[in-house]
file input28.cif (mmCIF, C-alpha atoms and all ligand atoms)
data_work
#
loop_
_atom_site.label_atom_id
_atom_site.label_comp_id
_atom_site.auth_asym_id
_atom_site.auth_seq_id
_atom_site.Cartn_x
_atom_site.Cartn_y
_atom_site.Cartn_z
CA MET A 868 -20.27 53.61 -6.26
CA THR A 869 -23.73 55.08 -6.58
CA GLN A 870 -23.85 58.87 -6.42
CA SER A 871 -25.67 60.07 -3.27
CA SER A 872 -28.52 62.51 -3.86
CA ALA A 873 -27.81 66.06 -2.72
CA ASP A 874 -29.50 67.00 0.51
CA PHE A 875 -30.68 70.21 2.15
CA GLY A 876 -32.16 71.06 5.49
CA ILE A 877 -32.08 73.26 8.56
CA ILE A 878 -29.07 73.42 10.88
CA VAL A 879 -28.38 75.24 14.16
CA ARG A 880 -24.73 76.17 14.75
CA LYS A 881 -25.14 77.47 18.32
CA PRO A 882 -28.00 77.46 20.86
CA GLY A 883 -30.28 80.47 20.57
CA GLY A 884 -33.47 81.94 19.14
CA PRO A 885 -35.35 81.08 15.93
CA GLU A 886 -32.87 83.20 13.94
CA GLU A 887 -30.31 80.41 14.50
CA LEU A 888 -32.29 78.09 12.19
CA GLU A 889 -30.32 78.18 8.95
CA TRP A 890 -31.14 76.60 5.55
CA SER A 891 -28.06 74.72 4.40
CA GLU A 892 -26.72 72.07 2.01
CA LEU A 893 -26.03 68.89 4.01
CA PRO A 894 -23.54 66.09 3.45
CA ALA A 895 -25.29 63.12 1.82
CA ARG A 896 -24.38 59.44 2.16
CA GLU A 897 -25.65 56.02 1.20
CA PRO A 898 -27.67 53.94 3.71
CA GLY A 899 -25.57 51.43 5.65
CA PRO A 900 -26.62 47.95 6.85
CA GLY A 901 -30.07 48.04 8.43
CA GLU A 902 -30.70 51.60 7.23
CA VAL A 903 -32.84 53.17 4.53
CA ARG A 904 -32.85 56.60 2.93
CA ILE A 905 -36.20 58.30 2.73
CA VAL A 906 -37.42 61.33 0.80
CA GLN A 907 -39.43 63.25 3.36
CA HIS A 908 -42.78 64.70 2.32
CA ALA A 909 -43.88 66.26 5.62
CA ILE A 910 -42.15 67.08 8.93
CA GLY A 911 -43.89 67.83 12.23
CA VAL A 912 -42.88 70.77 14.42
CA ASN A 913 -42.78 70.12 18.17
CA PHE A 914 -41.94 71.95 21.36
CA ILE A 915 -39.01 69.55 21.82
CA ASP A 916 -37.44 71.20 18.71
CA ILE A 917 -37.42 74.47 20.65
CA TYR A 918 -35.84 72.88 23.74
CA TYR A 919 -33.05 71.50 21.52
CA ARG A 920 -32.61 74.75 19.57
CA LYS A 921 -32.22 76.71 22.82
CA GLY A 922 -29.73 74.18 24.19
CA ALA A 923 -32.01 73.10 27.05
CA TYR A 924 -31.41 69.49 25.93
CA PRO A 925 -27.84 68.32 25.13
CA TRP A 926 -26.91 68.20 21.43
CA PRO A 927 -25.66 64.93 19.94
CA THR A 928 -23.64 66.82 17.27
CA THR A 929 -22.80 70.39 16.32
CA PRO A 930 -24.33 71.74 14.19
CA LEU A 931 -27.65 70.32 15.29
CA ILE A 932 -30.45 69.38 12.93
CA PRO A 933 -33.71 69.71 14.88
CA GLY A 934 -36.95 67.87 14.18
CA ALA A 935 -38.56 64.87 15.86
CA GLU A 936 -41.17 63.45 13.47
CA ALA A 937 -41.59 63.04 9.72
CA ALA A 938 -43.08 60.89 6.97
CA GLY A 939 -41.91 60.02 3.49
CA THR A 940 -41.05 57.39 0.89
CA VAL A 941 -38.16 54.93 0.93
CA GLU A 942 -35.78 55.72 -1.97
CA LYS A 943 -32.77 53.50 -1.14
CA VAL A 944 -32.48 50.37 1.01
CA GLY A 945 -29.32 49.33 2.88
CA GLN A 946 -28.24 45.73 3.28
CA GLY A 947 -30.60 43.67 5.42
CA ALA A 948 -33.15 46.46 5.97
CA ASP A 949 -36.63 45.01 5.95
CA LEU A 950 -38.25 47.60 3.64
CA LYS A 951 -38.41 48.24 -0.10
CA VAL A 952 -38.10 51.24 -2.40
CA GLY A 953 -41.42 53.08 -2.55
CA ASP A 954 -42.65 52.02 0.91
CA ARG A 955 -44.56 54.81 2.67
CA VAL A 956 -43.09 55.23 6.16
CA ALA A 957 -42.98 57.52 9.21
CA TYR A 958 -40.90 57.86 12.37
CA THR A 959 -40.23 59.77 15.54
CA LEU A 960 -36.68 60.34 16.79
CA PRO A 961 -35.60 63.13 19.16
CA HIS A 962 -33.84 65.27 16.49
CA GLY A 963 -32.59 65.28 12.90
CA ALA A 964 -35.86 65.55 10.92
CA TYR A 965 -35.64 69.07 9.43
CA ARG A 966 -34.20 67.95 6.10
CA VAL A 967 -35.33 66.84 2.66
CA ARG A 968 -33.74 63.37 2.67
CA ARG A 969 -32.80 61.32 5.70
CA ILE A 970 -31.09 58.05 6.54
CA VAL A 971 -33.07 56.22 9.24
CA PRO A 972 -32.55 52.80 10.88
CA ALA A 973 -35.27 50.62 9.33
CA ASP A 974 -36.32 49.32 12.76
CA ARG A 975 -37.35 52.85 13.81
CA LEU A 976 -39.75 53.21 10.87
CA VAL A 977 -43.40 52.22 10.76
CA LYS A 978 -45.17 51.48 7.49
CA LEU A 979 -48.10 53.77 6.82
CA PRO A 980 -51.53 52.43 5.97
CA ASP A 981 -52.65 53.82 2.56
CA SER A 982 -55.42 55.75 4.32
CA ILE A 983 -52.93 57.89 6.28
CA ALA A 984 -51.55 60.85 4.30
CA PHE A 985 -47.94 61.96 4.81
CA ASP A 986 -48.86 65.24 6.53
CA VAL A 987 -51.24 63.43 8.87
CA ALA A 988 -48.51 60.90 9.76
CA ALA A 989 -45.96 63.67 10.30
CA SER A 990 -48.32 65.36 12.74
CA LEU A 991 -49.02 62.13 14.64
CA MET A 992 -45.79 60.21 15.12
CA LEU A 993 -44.54 62.18 18.12
CA LYS A 994 -47.75 63.83 19.31
CA GLY A 995 -50.06 60.87 18.67
CA LEU A 996 -47.71 58.25 20.12
CA THR A 997 -47.28 60.53 23.14
CA THR A 998 -51.04 60.65 23.56
CA GLN A 999 -51.16 56.85 23.18
CA PHE A 1000 -48.57 56.10 25.88
CA LEU A 1001 -49.82 58.78 28.29
CA LEU A 1002 -53.43 57.56 28.25
CA ASN A 1003 -52.69 53.82 28.09
CA SER A 1004 -49.42 53.15 29.89
CA CYS A 1005 -48.47 56.14 32.00
CA TYR A 1006 -51.99 56.12 33.45
CA ARG A 1007 -54.63 53.73 32.08
CA VAL A 1008 -57.66 55.99 31.61
CA LYS A 1009 -61.08 54.36 32.11
CA ALA A 1010 -64.60 55.57 31.39
CA GLY A 1011 -65.65 58.06 34.06
CA ASP A 1012 -62.11 59.07 35.09
CA VAL A 1013 -61.70 62.81 35.60
CA VAL A 1014 -58.66 64.02 33.68
CA LEU A 1015 -57.10 67.50 33.48
CA VAL A 1016 -54.98 68.44 30.45
CA HIS A 1017 -53.18 71.77 29.96
CA ALA A 1018 -52.62 73.47 26.58
CA ALA A 1019 -55.73 71.67 25.32
CA ALA A 1020 -55.82 73.44 21.93
CA GLY A 1021 -52.18 72.62 21.13
CA GLY A 1022 -50.63 69.78 19.15
CA VAL A 1023 -50.68 67.09 21.84
CA GLY A 1024 -53.62 68.70 23.66
CA SER A 1025 -56.01 68.49 20.72
CA LEU A 1026 -55.24 64.76 20.28
CA MET A 1027 -55.61 64.10 24.02
CA GLY A 1028 -59.14 65.59 24.04
CA GLN A 1029 -60.32 63.35 21.21
CA TRP A 1030 -58.74 60.20 22.65
CA LEU A 1031 -60.15 60.91 26.13
CA LYS A 1032 -63.62 61.35 24.64
CA SER A 1033 -63.31 57.97 22.90
CA LEU A 1034 -62.50 56.39 26.30
CA GLY A 1035 -65.52 57.98 27.99
CA ALA A 1036 -63.44 60.09 30.39
CA ILE A 1037 -64.59 63.40 31.84
CA SER A 1038 -61.92 65.70 30.46
CA ILE A 1039 -61.07 69.22 31.56
CA GLY A 1040 -58.83 71.17 29.20
CA THR A 1041 -57.12 74.49 29.86
CA VAL A 1042 -56.23 77.06 27.18
CA GLY A 1043 -54.31 80.34 27.23
CA SER A 1044 -56.81 82.60 25.43
CA ALA A 1045 -60.54 82.88 24.74
CA ASP A 1046 -60.12 82.21 20.99
CA LYS A 1047 -58.72 78.74 21.79
CA ILE A 1048 -61.82 77.70 23.78
CA PRO A 1049 -63.87 76.58 20.73
CA ILE A 1050 -60.86 74.63 19.41
CA ALA A 1051 -60.56 72.69 22.68
CA ILE A 1052 -64.32 72.06 22.72
CA GLN A 1053 -64.13 70.75 19.13
CA SER A 1054 -61.30 68.49 20.26
CA GLY A 1055 -63.72 66.75 22.59
CA TYR A 1056 -63.05 68.25 26.05
CA THR A 1057 -66.02 68.05 28.41
CA HIS A 1058 -65.02 71.33 30.15
CA VAL A 1059 -62.63 74.06 29.00
CA ILE A 1060 -61.00 76.70 31.22
CA ASP A 1061 -59.06 79.79 30.10
CA TYR A 1062 -56.25 79.45 32.67
CA ARG A 1063 -54.94 82.95 32.05
CA ALA A 1064 -58.34 84.45 32.87
CA GLU A 1065 -59.22 82.42 35.97
CA ASP A 1066 -57.79 80.18 38.71
CA PHE A 1067 -58.02 76.77 37.03
CA ALA A 1068 -57.58 74.77 40.26
CA ALA A 1069 -60.57 76.54 41.83
CA ARG A 1070 -62.66 75.88 38.70
CA VAL A 1071 -61.64 72.20 38.71
CA LYS A 1072 -62.83 71.90 42.32
CA LEU A 1073 -66.17 73.45 41.29
CA ILE A 1074 -66.56 71.12 38.28
CA THR A 1075 -65.75 68.06 40.38
CA ALA A 1076 -67.90 69.17 43.35
CA GLY A 1077 -64.80 69.42 45.51
CA ASP A 1078 -63.43 65.97 44.66
CA GLY A 1079 -60.59 66.84 42.30
CA CYS A 1080 -59.16 64.87 39.36
CA ASP A 1081 -57.77 61.36 39.06
CA VAL A 1082 -54.84 62.50 36.92
CA VAL A 1083 -53.35 65.73 35.54
CA PHE A 1084 -51.34 65.74 32.31
CA ASP A 1085 -49.24 68.89 32.62
CA SER A 1086 -46.92 69.93 29.76
CA VAL A 1087 -46.74 73.60 30.77
CA ALA A 1088 -44.91 72.98 34.07
CA ASN A 1089 -43.53 76.11 35.72
CA ASP A 1090 -46.69 78.25 35.46
CA THR A 1091 -49.10 75.41 36.26
CA TRP A 1092 -47.56 72.74 38.49
CA ARG A 1093 -48.83 74.17 41.79
CA GLY A 1094 -52.39 74.44 40.47
CA SER A 1095 -52.07 70.98 38.98
CA LEU A 1096 -51.22 69.43 42.36
CA LYS A 1097 -54.15 71.32 43.94
CA SER A 1098 -56.48 69.93 41.26
CA LEU A 1099 -55.89 66.27 42.23
CA HIS A 1100 -57.76 64.19 44.77
CA ALA A 1101 -55.81 62.25 47.44
CA ARG A 1102 -53.47 59.69 45.85
CA GLY A 1103 -54.04 61.22 42.39
CA LEU A 1104 -51.31 61.18 39.72
CA PHE A 1105 -49.38 64.24 38.51
CA VAL A 1106 -47.86 63.59 35.07
CA CYS A 1107 -45.47 66.36 34.04
CA PHE A 1108 -44.56 65.54 30.44
CA GLY A 1109 -43.26 68.89 29.15
CA GLN A 1110 -42.24 72.39 30.18
CA SER A 1111 -43.61 74.89 27.67
CA SER A 1112 -43.47 77.68 30.29
CA GLY A 1113 -40.10 76.56 31.68
CA PRO A 1114 -38.89 73.84 34.03
CA ILE A 1115 -40.53 73.40 37.43
CA ALA A 1116 -38.80 75.46 40.09
CA ASP A 1117 -39.08 75.06 43.87
CA PHE A 1118 -40.78 71.65 43.84
CA LYS A 1119 -40.22 69.73 47.09
CA PHE A 1120 -40.88 66.03 47.50
CA SER A 1121 -42.98 66.90 50.55
CA ASP A 1122 -45.39 68.81 48.24
CA LEU A 1123 -46.74 65.37 47.29
CA ALA A 1124 -47.58 64.63 50.94
CA ALA A 1125 -49.13 68.07 51.42
CA GLY A 1126 -51.31 67.52 48.31
CA GLY A 1127 -52.70 64.24 49.70
CA SER A 1128 -50.17 61.42 49.21
CA LEU A 1129 -49.92 62.24 45.50
CA TYR A 1130 -47.93 60.32 42.89
CA ALA A 1131 -45.80 62.09 40.30
CA THR A 1132 -43.90 61.07 37.16
CA ARG A 1133 -41.92 62.86 34.45
CA PRO A 1134 -42.19 60.49 31.44
CA THR A 1135 -40.79 60.74 27.94
CA LEU A 1136 -42.14 58.92 24.89
CA PHE A 1137 -38.76 57.55 23.84
CA ASP A 1138 -38.64 55.35 26.95
CA TYR A 1139 -42.01 53.88 25.99
CA ILE A 1140 -41.02 52.99 22.38
CA LYS A 1141 -37.47 51.76 22.99
CA GLY A 1142 -38.22 48.26 21.72
CA ARG A 1143 -39.38 47.67 18.14
CA ASP A 1144 -42.42 45.75 19.44
CA ASP A 1145 -43.48 48.66 21.64
CA LEU A 1146 -43.13 51.08 18.73
CA GLN A 1147 -45.18 48.85 16.40
CA MET A 1148 -47.86 48.12 19.02
CA ARG A 1149 -48.34 51.81 19.88
CA ALA A 1150 -48.34 52.89 16.22
CA ALA A 1151 -50.90 50.19 15.35
CA ASP A 1152 -53.15 51.38 18.20
CA LEU A 1153 -52.79 55.01 17.03
CA PHE A 1154 -53.54 54.17 13.40
CA SER A 1155 -56.58 52.10 14.41
CA LYS A 1156 -57.94 55.09 16.38
CA VAL A 1157 -57.46 57.25 13.27
CA ALA A 1158 -59.08 54.61 11.01
CA ALA A 1159 -62.07 54.42 13.39
CA GLY A 1160 -62.48 58.21 13.14
CA GLU A 1161 -61.96 58.58 16.91
CA VAL A 1162 -58.78 60.64 16.53
CA ARG A 1163 -58.22 63.10 13.70
CA ALA A 1164 -54.99 64.96 12.98
CA SER A 1165 -55.51 68.61 13.63
CA ILE A 1166 -53.11 70.49 11.35
CA GLY A 1167 -53.40 74.18 12.15
CA GLN A 1168 -50.42 75.48 10.18
CA ARG A 1169 -48.42 74.44 7.07
CA VAL A 1170 -45.08 76.18 6.49
CA SER A 1171 -42.20 75.67 4.04
CA LEU A 1172 -39.22 73.86 5.62
CA ARG A 1173 -37.06 76.87 4.70
CA ASP A 1174 -39.31 79.00 6.95
CA ALA A 1175 -38.88 76.80 10.04
CA ALA A 1176 -37.84 79.92 12.01
CA GLN A 1177 -41.31 81.42 11.54
CA ALA A 1178 -42.90 78.14 12.69
CA HIS A 1179 -40.77 78.29 15.86
CA ARG A 1180 -41.67 81.94 16.51
CA ASP A 1181 -45.37 81.17 16.25
CA LEU A 1182 -45.18 78.07 18.48
CA GLU A 1183 -43.23 79.92 21.17
CA ALA A 1184 -45.59 82.91 21.05
CA ARG A 1185 -48.62 80.59 21.65
CA ARG A 1186 -50.02 81.63 18.24
CA THR A 1187 -50.48 78.09 16.89
CA THR A 1188 -53.34 75.64 17.33
CA GLY A 1189 -53.13 71.91 16.63
CA SER A 1190 -49.97 70.79 14.79
CA THR A 1191 -47.59 72.65 12.51
CA ILE A 1192 -46.25 70.85 9.42
CA LEU A 1193 -43.08 71.80 7.53
CA LEU A 1194 -43.14 71.03 3.81
CA PRO A 1195 -39.72 70.24 2.26
N1 LIG B 1201 -42.71 63.78 27.33
C1 LIG B 1201 -42.88 63.52 26.06
O1 LIG B 1201 -42.53 62.43 25.60
C2 LIG B 1201 -43.46 64.56 25.16
C3 LIG B 1201 -43.74 64.25 23.83
C4 LIG B 1201 -44.34 65.23 23.04
C5 LIG B 1201 -44.62 66.49 23.56
N2 LIG B 1201 -44.28 66.76 24.85
C6 LIG B 1201 -44.60 68.06 25.44
O2 LIG B 1201 -45.95 68.35 25.21
C7 LIG B 1201 -46.12 69.76 25.16
C8 LIG B 1201 -46.94 70.11 23.95
O3 LIG B 1201 -46.12 69.98 22.80
P1 LIG B 1201 -46.65 70.50 21.39
O4 LIG B 1201 -45.49 70.37 20.46
O5 LIG B 1201 -47.94 69.84 21.08
O6 LIG B 1201 -46.86 72.05 21.67
P2 LIG B 1201 -48.24 72.88 21.79
O7 LIG B 1201 -49.04 72.34 22.92
O8 LIG B 1201 -48.88 72.96 20.46
O9 LIG B 1201 -47.68 74.31 22.16
C9 LIG B 1201 -47.35 74.62 23.47
C10 LIG B 1201 -48.53 75.32 24.18
O10 LIG B 1201 -48.16 75.47 25.55
C11 LIG B 1201 -48.88 76.54 26.07
N3 LIG B 1201 -48.00 77.41 26.86
C12 LIG B 1201 -48.18 77.71 28.15
N4 LIG B 1201 -47.23 78.55 28.59
C13 LIG B 1201 -46.42 78.79 27.54
C14 LIG B 1201 -45.28 79.62 27.36
N5 LIG B 1201 -44.75 80.33 28.36
N6 LIG B 1201 -44.71 79.65 26.15
C15 LIG B 1201 -45.20 78.92 25.14
N7 LIG B 1201 -46.30 78.12 25.24
C16 LIG B 1201 -46.92 78.07 26.43
C17 LIG B 1201 -49.51 77.29 24.89
O11 LIG B 1201 -50.89 76.98 24.87
P3 LIG B 1201 -51.93 77.99 25.61
O12 LIG B 1201 -51.79 79.31 24.93
O13 LIG B 1201 -53.25 77.35 25.40
O14 LIG B 1201 -51.49 78.03 27.04
C18 LIG B 1201 -48.82 76.71 23.68
O15 LIG B 1201 -49.64 76.74 22.54
C19 LIG B 1201 -44.72 70.38 25.20
O16 LIG B 1201 -44.44 70.82 26.50
C20 LIG B 1201 -43.83 69.21 24.83
O17 LIG B 1201 -42.55 69.33 25.34
C21 LIG B 1201 -43.72 65.81 25.64
#

call {"tool": "encode", "arguments": {"input": "input28.cif", "output": "structure tokens"}}
result
Amino acid sequence: MTQSSADFGIIVRKPGGPEELEWSELPAREPGPGEVRIVQHAIGVNFIDIYYRKGAYPWPTTPLIPGAEAAGTVEKVGQGADLKVGDRVAYTLPHGAYRVRRIVPADRLVKLPDSIAFDVAASLMLKGLTTQFLLNSCYRVKAGDVVLVHAAAGGVGSLMGQWLKSLGAISIGTVGSADKIPIAIQSGYTHVIDYRAEDFAARVKLITAGDGCDVVFDSVANDTWRGSLKSLHARGLFVCFGQSSGPIADFKFSDLAAGGSLYATRPTLFDYIKGRDDLQMRAADLFSKVAAGEVRASIGQRVSLRDAAQAHRDLEARRTTGSTILLP
């Protein structure tokens, strides 16, 4: 039998703060049928990693290995897996990415074009595919649509601004401090509001001459959902796709009627890439946007995988901009 390569990564033994992220040797195994083992070169950090670490989302195993996106090179191919040693690949899966080597089902991997570097891919697989499905499938944005996005200088937010600009939308981004305003402007937003300094719903009404937006993409949730509903015009769409400030409390179904017969959805990327064809189609669209120069990865921080706890502290304290990459 071939000797498995030793593996290391980050585990969490019990839900808690960043101090629970522990560097550890991990059991290694050979890839089974339909699987490959990859050596990971870059791993993306996401807010979902924090939800899992805190125990807000149920753990599949204990200890948990967090991490939802990464890129690397295939080093071993299991029986029937449609890839070869040396292929450059990337993936998004809800957890398990904070490690040096990883076994992944081949049908969850996408091959990387040569023009896409590993760190770029690791910053795009979750955040970029999220942007792709939100703006194309959750709501199909057209030129001239008025779109509000919260946390506009963040990982997803900075990709949303660029993609919206490429579609010809009128985009309004909110940020949590004055120093993030230029970052959101650089990311392509037509208007930027510091939502901790002013009432963003009132500003949106001013910008839209009282009309309101067609759609709000709200990943902040508890602190923003009321203002988000107020920012929509009648029959507008409220998309709550995250909860960086905590889950929505006190929402009543009748709030949608009071806001003007509004629509609301709480989507998750993994339901939009369940099938292999969906995953490939969305990744191809994302990579073509990158190749056309319409969407650029915005990597604000690079941190050693061993220092994942610091990356979590910074993300939770709103100190990061763009994406954070962990380097194994
Ligand atoms: N549904 C899906 O499939 C899906 C997929 C990917 C990501 N998401 C969601 O998208 C959001 C963005 O993810 P990301 O990884 O790119 O993170 P991020 O936007 O880079 O970081 C989160 C940002 O949220 C804002 N925020 C507002 N209140 C906060 C609070 N109390 N604590 C911490 N941050 C707060 C901060 O920006 P300001 O300082 O500018 O307010 C912070 O920088 C997350 O909510 C995530 O769960 C959802």

call {"tool": "residues_around", "arguments": {"input": "input28.cif", "residues": "A:Leu1002", "least_positions_apart": "6", "cutoff": "9 Å", "atoms": "only C-alpha atoms", "output": "PDB file with C-alpha atoms, in the coordinates of the input"}}
result
ATOM      1  CA  VAL A1008     -57.660  55.990  31.610  1.00  0.00           C
ATOM      2  CA  MET A1027     -55.610  64.100  24.020  1.00  0.00           C
ATOM      3  CA  TRP A1030     -58.740  60.200  22.650  1.00  0.00           C
ATOM      4  CA  LEU A1031     -60.150  60.910  26.130  1.00  0.00           C
TER       5      LEU A1031
END

call {"tool": "closest_atom_pairs", "arguments": {"input": "input28.cif", "of": "chain A", "to": "ligand LIG 1201 (chain B)", "cutoff": "7 Å", "atoms": "all atoms listed in the file", "output": "tab-separated table"}}
result
residue	atom	partner	partner_atom	distance
A:Val912	CA	B:LIG1201	O4	6.6
A:Asn913	CA	B:LIG1201	O4	3.6
A:Phe914	CA	B:LIG1201	O4	4.0
A:Ile915	CA	B:LIG1201	O17	5.0
A:Leu993	CA	B:LIG1201	C4	5.8
A:Lys994	CA	B:LIG1201	C4	5.2
A:Thr997	CA	B:LIG1201	C3	5.2
A:Ala1018	CA	B:LIG1201	O13	4.1
A:Ala1019	CA	B:LIG1201	O13	6.2
A:Ala1020	CA	B:LIG1201	O13	5.8
A:Gly1021	CA	B:LIG1201	O8	3.4
A:Gly1022	CA	B:LIG1201	O5	3.3
A:Val1023	CA	B:LIG1201	O5	4.0
A:Gly1024	CA	B:LIG1201	O7	5.9
A:Thr1041	CA	B:LIG1201	O13	6.6
A:Val1042	CA	B:LIG1201	O13	3.5
A:Gly1043	CA	B:LIG1201	O12	3.6
A:Ser1044	CA	B:LIG1201	O12	6.0
A:Lys1047	CA	B:LIG1201	O13	6.7
A:Ser1086	CA	B:LIG1201	O16	4.2
A:Val1087	CA	B:LIG1201	C12	5.1
A:Asp1090	CA	B:LIG1201	N4	6.9
A:Phe1108	CA	B:LIG1201	N1	4.0
A:Gly1109	CA	B:LIG1201	O16	3.5
A:Gln1110	CA	B:LIG1201	O16	4.6
A:Ser1111	CA	B:LIG1201	O16	4.3
A:Ser1112	CA	B:LIG1201	N5	3.5
A:Gly1113	CA	B:LIG1201	N5	6.8
A:Pro1134	CA	B:LIG1201	N1	5.3
A:Thr1135	CA	B:LIG1201	O1	3.4
A:Leu1136	CA	B:LIG1201	O1	3.6
A:Phe1137	CA	B:LIG1201	O1	6.4
A:Leu1182	CA	B:LIG1201	O9	5.8
A:Glu1183	CA	B:LIG1201	C15	4.5
A:Ala1184	CA	B:LIG1201	C15	5.7
A:Arg1185	CA	B:LIG1201	O15	4.1
A:Arg1186	CA	B:LIG1201	O15	6.5
A:Thr1187	CA	B:LIG1201	O15	5.9
A:Thr1188	CA	B:LIG1201	O8	6.1
A:Gly1189	CA	B:LIG1201	O8	5.8
A:Ser1190	CA	B:LIG1201	O8	6.2

call {"tool": "residues_around", "arguments": {"input": "input28.cif", "residues": "A:Ser1128", "least_positions_apart": "2", "cutoff": "9 Å", "atoms": "only C-alpha atoms", "output": "PyMOL selection string"}}
result
chain A and resi 1101-1103+1122-1126+1130

call {"tool": "closest_residue", "arguments": {"input": "input28.cif", "among": "A:Thr940, A:Ile917, A:Val971, A:Pro933", "to": "A:Glu902", "atoms": "all atoms listed in the file"}}
result
A:Val971

call {"tool": "closest_residue", "arguments": {"input": "input28.cif", "among": "A:Arg1143, A:Arg1169, A:Arg1093, A:Arg920", "to": "A:Asp986", "atoms": "all atoms listed in the file"}}
result
A:Arg1169

call {"tool": "atom_distance", "arguments": {"input": "input28.cif", "atom1": "atom CA of A:Asp916", "atom2": "atom CA of A:Asp1046"}}
result
25.3 Å

call {"tool": "closest_residue", "arguments": {"input": "input28.cif", "among": "A:Tyr958, A:Trp926, A:Tyr919, A:Phe875", "to": "A:Gln1147", "atoms": "all atoms listed in the file"}}
result
A:Tyr958

call {"tool": "atom_distance", "arguments": {"input": "input28.cif", "atom1": "atom CA of A:Lys1097", "atom2": "atom CA of A:Ala1068"}}
result
6.1 Å

call {"tool": "decode", "arguments": {"input": "input28.cif", "residues": "stretch 883-937 of chain A", "atoms": "C-alpha atoms", "output": "compact mmCIF listing (two decimals), in the first residue's frame"}}
result
# COMPACT_ATOMS: atom_id res chain seq x y z
CA GLY A 883 -16.10 29.16 20.79
CA GLY A 884 -13.87 32.11 19.96
CA PRO A 885 -10.82 32.32 17.67
CA GLU A 886 -8.67 30.81 20.44
CA GLU A 887 -10.38 27.47 19.69
CA LEU A 888 -8.59 27.28 16.31
CA GLU A 889 -5.78 24.81 16.94
CA TRP A 890 -2.91 23.74 14.62
CA SER A 891 -2.81 19.96 14.62
CA GLU A 892 -1.51 16.87 12.81
CA LEU A 893 -4.43 15.25 10.95
CA PRO A 894 -5.07 11.65 9.97
CA ALA A 895 -4.15 11.14 6.30
CA ARG A 896 -5.68 8.63 3.87
CA GLU A 897 -5.60 7.69 0.22
CA PRO A 898 -8.29 8.98 -2.17
CA GLY A 899 -11.16 6.54 -2.71
CA PRO A 900 -13.16 5.98 -5.92
CA GLY A 901 -14.15 9.29 -7.51
CA GLU A 902 -11.89 11.27 -5.17
CA VAL A 903 -8.57 13.05 -5.54
CA ARG A 904 -6.05 14.35 -3.03
CA ILE A 905 -4.90 17.89 -3.55
CA VAL A 906 -2.02 19.87 -2.09
CA GLN A 907 -3.59 23.20 -1.22
CA HIS A 908 -1.71 26.38 -2.08
CA ALA A 909 -4.22 28.98 -0.87
CA ILE A 910 -7.35 28.89 1.32
CA GLY A 911 -10.01 31.61 1.51
CA VAL A 912 -11.36 32.88 4.84
CA ASN A 913 -15.11 33.51 4.99
CA PHE A 914 -17.71 34.62 7.49
CA ILE A 915 -19.26 31.15 7.25
CA ASP A 916 -16.06 29.83 8.94
CA ILE A 917 -16.93 32.00 11.94
CA TYR A 918 -20.55 30.76 12.06
CA TYR A 919 -19.24 27.17 12.11
CA ARG A 920 -16.51 27.91 14.66
CA LYS A 921 -19.06 29.47 17.03
CA GLY A 922 -21.44 26.54 16.59
CA ALA A 923 -24.15 28.66 14.93
CA TYR A 924 -24.23 26.04 12.13
CA PRO A 925 -24.32 22.31 13.04
CA TRP A 926 -20.98 20.46 12.84
CA PRO A 927 -20.71 17.38 10.62
CA THR A 928 -17.91 15.94 12.83
CA THR A 929 -16.09 16.78 16.04
CA PRO A 930 -13.46 18.12 15.93
CA LEU A 931 -14.45 20.43 13.11
CA ILE A 932 -12.10 21.59 10.38
CA PRO A 933 -13.40 24.97 9.16
CA GLY A 934 -12.81 26.50 5.74
CA ALA A 935 -15.06 26.77 2.70
CA GLU A 936 -12.85 27.53 -0.32
CA ALA A 937 -9.36 26.63 -1.52
